[in-house]
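In what follows, a single structure is set out as structure tokens and then discussed.
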There are 2 protein chains.
Amino acid sequence: MRRFLMDVDDETLQHIPKYLRIQQELLHYIRSNEWGPGAKIPSEAELCDQYQVSRGTIRRALDELERQGLINRSPGKPTVVNTPKIPLLSSGFRTDIARKGMKPGTKVLRIHVVKVPPDIAPLLMVSENTQLLLIERVISADDIPIIIESAHVARLVDTITAEEVESTSLLELIPAKCHVNLARAVESYEPIALTKAQAQLLACRAGNLGIKDQAVLYDGENRPVYVSTAIVRGDKARIVTETSFHVHA
Amino acid sequence: MRRFLMDVDDETLQHIPKYLRIQQELLHYIRSNEWGPGAKIPSEAELCDQYQVSRGTIRRALDELERQGLINRSPGKPTVVNTPKIPLLSSGFRTDIARKGMKPGTKVLRIHVVKVPPDIAPLLMVSENTQLLLIERVISADDIPIIIESAHVARLVDTITAEEVESTSLLELIPAKCHVNLARAVESYEPIALTKAQAQLLACRAGNLGIKDQAVLYDGENRPVYVSTAIVRGDKARIVTETSFHVHA
DNA sequence: AAGTGGTCTAGACCACTAT
DNA sequence: TAGTGGTCTAGACCACTTA
């Protein structure tokens, strides 16, 4: 049987909400590897008994651990501890490079022509009603889906096939199709909570943490070529970039 | 008075939880600027009436909007819509460059010698009991705290003052003090939920989204010089990087 | 003093998974 | 069928802010 630190309740110090104390204690069991990857944690009913709190309080503690990608919950099944994150090389190579001895995979969702979304238009410096090629795919490592990538191509190209997208990096494919060279990329990263639709494509749960990585790729004359918007699962990957510094004189 | 889409409840389609429908509807009012930055949203009690649900359900809908940085809640005060994110240039310059016409600020928390933390030791290639200089500071833009930065310096330097840290970029200061040039940086980004302590330093709320940006800086001989760990507020900033591609032949 | 958001309880019903 | 997690309710008390 587990011994719970909560029993050692000094009651002396400040007033920390129960759900936070419980969350921190459960976190400790996971961090210390007392509950290793794949381990079942006690059911919500058991935790209610052990901590003598109501189910809402237990669930609130677990919610946070789930959002941080530390545990996996699903209806009908026991809650288990998740496996650690894999580093994912981005920027300069991006995408496909999910090899750390892992099997990369690409599944094309759609390749079609759409009206440019209002947030993408200014990035590509095109007017509002322009038609663009949109490529959407899911990238996986060892059959675990990791990234949803949506690429809006500024120049209209009609001969990109799903097979080409599945076998080549967009960083090579798109410049070749457009007859340009890529010279520069500007990327922005922001943390997000996954929507239901995103979570479904990534086989994880809505509300989990992720990163939205939006890159604008430019040619040698500084004209935008395409915009890639990647939604990266925060529980399975972190984004890694490498920079070289120029020598100042 | 607001008209709420919820009233138009087709009841025909799938079964979406109430808290999600409400969340999406509130999101719509914010996105469409019907509720602009700074606007007060209805109190929880009012929303309960309007949607005919219990307070727990309303709070669950608001929780998600808060974590995404779209609204600000605090006890005793009405909940208001947040202002949009500022882009934050990183990688190559990093840190201090919070100028977009905004006033940059630095507050030094601590400069002291510590035993190297177990997660930092391998990055700096030092043994477990090494003593390192640790610099901790909070960086702000227009007096809004944005980043908590902790830098562990591999080479022991005893003459760094708070004044120097407040007036100079670590990217210039540390190499100068250590008599080396920086040649390379490897950064990793991952989404996090802010802890209570982090939220306190950043004057926002625990559980909000953020990015943990960990950079290892190397000198010309590929020896690690220092590790910088930055916790960036996700509701106020996004991280922007720029990359140039080398020409292949 | 009244209103706000923050925490917590003790129930309930459901869909899902295992056996 | 029993147990699990997912949703929801209708109360309650608190600390805090504002008038």
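So you can find residues: chains in the structure tokens are A, B, ... in the order shown, residues in each start at 1, and ligands are numbered from 1 in order.
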
Show me which bits of chain D are within 9 Å of chain B, counting only C-alpha atoms (C1' of nucleotides), as a VMD selection string. chain D and resid 7 to 10 15 to 18

Would you please extract all helix (DSSP H, G or I) residues from segment 12-246 of chain B, as assigned by DSSP on the backbone, and give them as number ranges by chain? B: 18-31, 44-51, 55-67, 121-124, 162-167, 170-178, 196-201

Go through chain A residue by residue and, counting only C-alpha atoms, keep those with an atom at most 9 Å from chain B; for each kept residue give the shortest atom pair and its distance in Å to one decimal, ordered by chain and increasing number, as a tab-separated table.
residue	atom	partner	partner_atom	distance
A:Glu64	CA	B:Gly207	CA	7.8
A:Arg67	CA	B:Ala193	CA	8.0
A:Gln68	CA	B:Ile192	CA	6.6
A:Pro87	CA	B:Ser188	CA	8.1
A:Leu88	CA	B:Ser188	CA	8.8
A:Leu89	CA	B:Ser188	CA	8.9
A:Ser91	CA	B:Thr243	CA	7.1
A:Gly92	CA	B:Phe245	CA	6.8
A:Asn181	CA	B:Val247	CA	8.4
A:Leu182	CA	B:Phe245	CA	6.9
A:Ala183	CA	B:Phe245	CA	5.0
A:Arg184	CA	B:Ser244	CA	4.4
A:Ala185	CA	B:Thr243	CA	5.1
A:Val186	CA	B:Glu242	CA	4.5
A:Glu187	CA	B:Thr241	CA	5.2
A:Ser188	CA	B:Val240	CA	4.2
A:Tyr189	CA	B:Ile239	CA	5.0
A:Glu190	CA	B:Arg238	CA	5.0
A:Pro191	CA	B:Pro191	CA	5.2
A:Ile192	CA	B:Gln68	CA	6.5
A:Ala193	CA	B:Gln68	CA	6.8
A:Gly207	CA	B:Glu64	CA	7.8
A:Leu209	CA	B:Pro191	CA	6.1
A:Gly210	CA	B:Pro191	CA	5.9
A:Ile211	CA	B:Pro191	CA	6.1
A:Gly234	CA	B:Pro191	CA	5.9
A:Asp235	CA	B:Pro191	CA	8.7
A:Ala237	CA	B:Glu190	CA	7.7
A:Arg238	CA	B:Glu190	CA	5.0
A:Ile239	CA	B:Tyr189	CA	5.0
A:Val240	CA	B:Ser188	CA	4.2
A:Thr241	CA	B:Glu187	CA	5.2
A:Glu242	CA	B:Val186	CA	4.5
A:Thr243	CA	B:Ala185	CA	5.1
A:Ser244	CA	B:Arg184	CA	4.4
A:Phe245	CA	B:Ala183	CA	5.1
A:His246	CA	B:Ala183	CA	7.4
A:Val247	CA	B:Ala183	CA	7.8

Please produce, as JSON lines, a per-residue contact table for chain C versus chain B (criterion: any atom at most 10 Å away, only C-alpha atoms (C1' of nucleotides) considered), showing the nearest atom pair and its distance in Å to one decimal, sorted by chain then residue number.
{"residue": "C:DG3", "atom": "C1'", "partner": "B:Gly76", "partner_atom": "CA", "distance": 7.8}
{"residue": "C:DT4", "atom": "C1'", "partner": "B:Gly76", "partner_atom": "CA", "distance": 4.2}
{"residue": "C:DG5", "atom": "C1'", "partner": "B:Pro75", "partner_atom": "CA", "distance": 4.4}
{"residue": "C:DG6", "atom": "C1'", "partner": "B:Pro75", "partner_atom": "CA", "distance": 7.1}

Separation of atom CA of Val153 of chain A and atom CA of Val116 of chain A, in Å?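 Rounded to one decimal, the two atoms are 9.6 Å apart.
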
Mind the document's chain letters and residue numbers, and return as a PDB file with N, CA and C atoms, in the first residue's frame the residues of segment 131-172 of chain B that DSSP labels strand (DSSP E or B).
ATOM      1  N   GLN B 131      30.348  23.466  -8.378  1.00  0.00           N
ATOM      2  CA  GLN B 131      29.704  24.722  -7.997  1.00  0.00           C
ATOM      3  C   GLN B 131      29.625  25.617  -9.228  1.00  0.00           C
ATOM      4  N   LEU B 132      28.449  26.199  -9.465  1.00  0.00           N
ATOM      5  CA  LEU B 132      28.254  27.055 -10.634  1.00  0.00           C
ATOM      6  C   LEU B 132      27.669  28.400 -10.228  1.00  0.00           C
ATOM      7  N   LEU B 133      27.942  29.394 -11.070  1.00  0.00           N
ATOM      8  CA  LEU B 133      27.287  30.678 -10.883  1.00  0.00           C
ATOM      9  C   LEU B 133      25.884  30.604 -11.487  1.00  0.00           C
ATOM     10  N   LEU B 134      24.904  31.040 -10.718  1.00  0.00           N
ATOM     11  CA  LEU B 134      23.518  31.052 -11.199  1.00  0.00           C
ATOM     12  C   LEU B 134      23.000  32.482 -11.200  1.00  0.00           C
ATOM     13  N   ILE B 135      22.512  32.910 -12.360  1.00  0.00           N
ATOM     14  CA  ILE B 135      21.939  34.247 -12.479  1.00  0.00           C
ATOM     15  C   ILE B 135      20.448  34.099 -12.751  1.00  0.00           C
ATOM     16  N   GLU B 136      19.626  34.718 -11.923  1.00  0.00           N
ATOM     17  CA  GLU B 136      18.179  34.630 -12.127  1.00  0.00           C
ATOM     18  C   GLU B 136      17.596  36.029 -12.265  1.00  0.00           C
ATOM     19  N   ARG B 137      16.772  36.199 -13.285  1.00  0.00           N
ATOM     20  CA  ARG B 137      16.182  37.515 -13.475  1.00  0.00           C
ATOM     21  C   ARG B 137      14.819  37.419 -14.161  1.00  0.00           C
ATOM     22  N   VAL B 138      14.090  38.519 -14.056  1.00  0.00           N
ATOM     23  CA  VAL B 138      12.802  38.623 -14.724  1.00  0.00           C
ATOM     24  C   VAL B 138      12.903  39.731 -15.759  1.00  0.00           C
ATOM     25  N   ILE B 139      12.502  39.448 -16.987  1.00  0.00           N
ATOM     26  CA  ILE B 139      12.572  40.430 -18.063  1.00  0.00           C
ATOM     27  C   ILE B 139      11.159  40.902 -18.391  1.00  0.00           C
ATOM     28  N   SER B 140      11.006  42.215 -18.524  1.00  0.00           N
ATOM     29  CA  SER B 140       9.669  42.752 -18.762  1.00  0.00           C
ATOM     30  C   SER B 140       9.646  43.652 -19.980  1.00  0.00           C
ATOM     31  N   ALA B 141       8.456  43.877 -20.517  1.00  0.00           N
ATOM     32  CA  ALA B 141       8.240  44.805 -21.624  1.00  0.00           C
ATOM     33  C   ALA B 141       7.116  45.740 -21.211  1.00  0.00           C
ATOM     34  N   ILE B 144       5.437  44.980 -18.012  1.00  0.00           N
ATOM     35  CA  ILE B 144       4.738  43.708 -17.853  1.00  0.00           C
ATOM     36  C   ILE B 144       5.777  42.598 -17.847  1.00  0.00           C
ATOM     37  N   PRO B 145       5.878  41.831 -16.764  1.00  0.00           N
ATOM     38  CA  PRO B 145       6.878  40.758 -16.729  1.00  0.00           C
ATOM     39  C   PRO B 145       6.539  39.679 -17.746  1.00  0.00           C
ATOM     40  N   ILE B 146       7.531  39.268 -18.535  1.00  0.00           N
ATOM     41  CA  ILE B 146       7.292  38.344 -19.643  1.00  0.00           C
ATOM     42  C   ILE B 146       8.082  37.037 -19.489  1.00  0.00           C
ATOM     43  N   ILE B 147       9.315  37.150 -19.018  1.00  0.00           N
ATOM     44  CA  ILE B 147      10.216  36.000 -19.005  1.00  0.00           C
ATOM     45  C   ILE B 147      10.908  35.859 -17.658  1.00  0.00           C
ATOM     46  N   ILE B 148      11.025  34.623 -17.179  1.00  0.00           N
ATOM     47  CA  ILE B 148      11.933  34.326 -16.076  1.00  0.00           C
ATOM     48  C   ILE B 148      13.128  33.618 -16.682  1.00  0.00           C
ATOM     49  N   GLU B 149      14.311  34.180 -16.516  1.00  0.00           N
ATOM     50  CA  GLU B 149      15.481  33.544 -17.091  1.00  0.00           C
ATOM     51  C   GLU B 149      16.449  33.100 -15.994  1.00  0.00           C
ATOM     52  N   SER B 150      16.890  31.848 -16.068  1.00  0.00           N
ATOM     53  CA  SER B 150      17.884  31.330 -15.133  1.00  0.00           C
ATOM     54  C   SER B 150      19.072  30.863 -15.936  1.00  0.00           C
ATOM     55  N   ALA B 151      20.248  31.430 -15.669  1.00  0.00           N
ATOM     56  CA  ALA B 151      21.450  31.051 -16.416  1.00  0.00           C
ATOM     57  C   ALA B 151      22.468  30.400 -15.493  1.00  0.00           C
ATOM     58  N   HIS B 152      22.880  29.196 -15.851  1.00  0.00           N
ATOM     59  CA  HIS B 152      23.946  28.500 -15.120  1.00  0.00           C
ATOM     60  C   HIS B 152      25.225  28.607 -15.929  1.00  0.00           C
ATOM     61  N   VAL B 153      26.248  29.229 -15.359  1.00  0.00           N
ATOM     62  CA  VAL B 153      27.496  29.476 -16.074  1.00  0.00           C
ATOM     63  C   VAL B 153      28.524  28.403 -15.727  1.00  0.00           C
TER      64      VAL B 153
END

Shell of 9 Å around Ile120 of chain A, only C-alpha atoms (C1' of nucleotides), local chain residues under 5 positions omitted, as a ChimeraX atom specification: /A:125-126,152,227

Counting only C-alpha atoms (C1' of nucleotides), what is within 9 Å of Gln198 of chain B, bar same-chain residues fewer than 6 positions away, as a ChimeraX atom specification? /B:148,204-206,231

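Excluding DA2 of chain D and any residue on its chain fewer than 6 positions from it, the residues at most 12 Å away by only C-alpha atoms (C1' of nucleotides) are A:Gly76, C:DT17, C:DA18, C:DT19.
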
Which residues are close to Lys40 of chain A, i.e. within 10 Å by only C-alpha atoms (C1' of nucleotides), leaving aside same-chain residues fewer than 4 positions away? Reply as number ranges by chain. A: 35-36, 71-72, 77-82
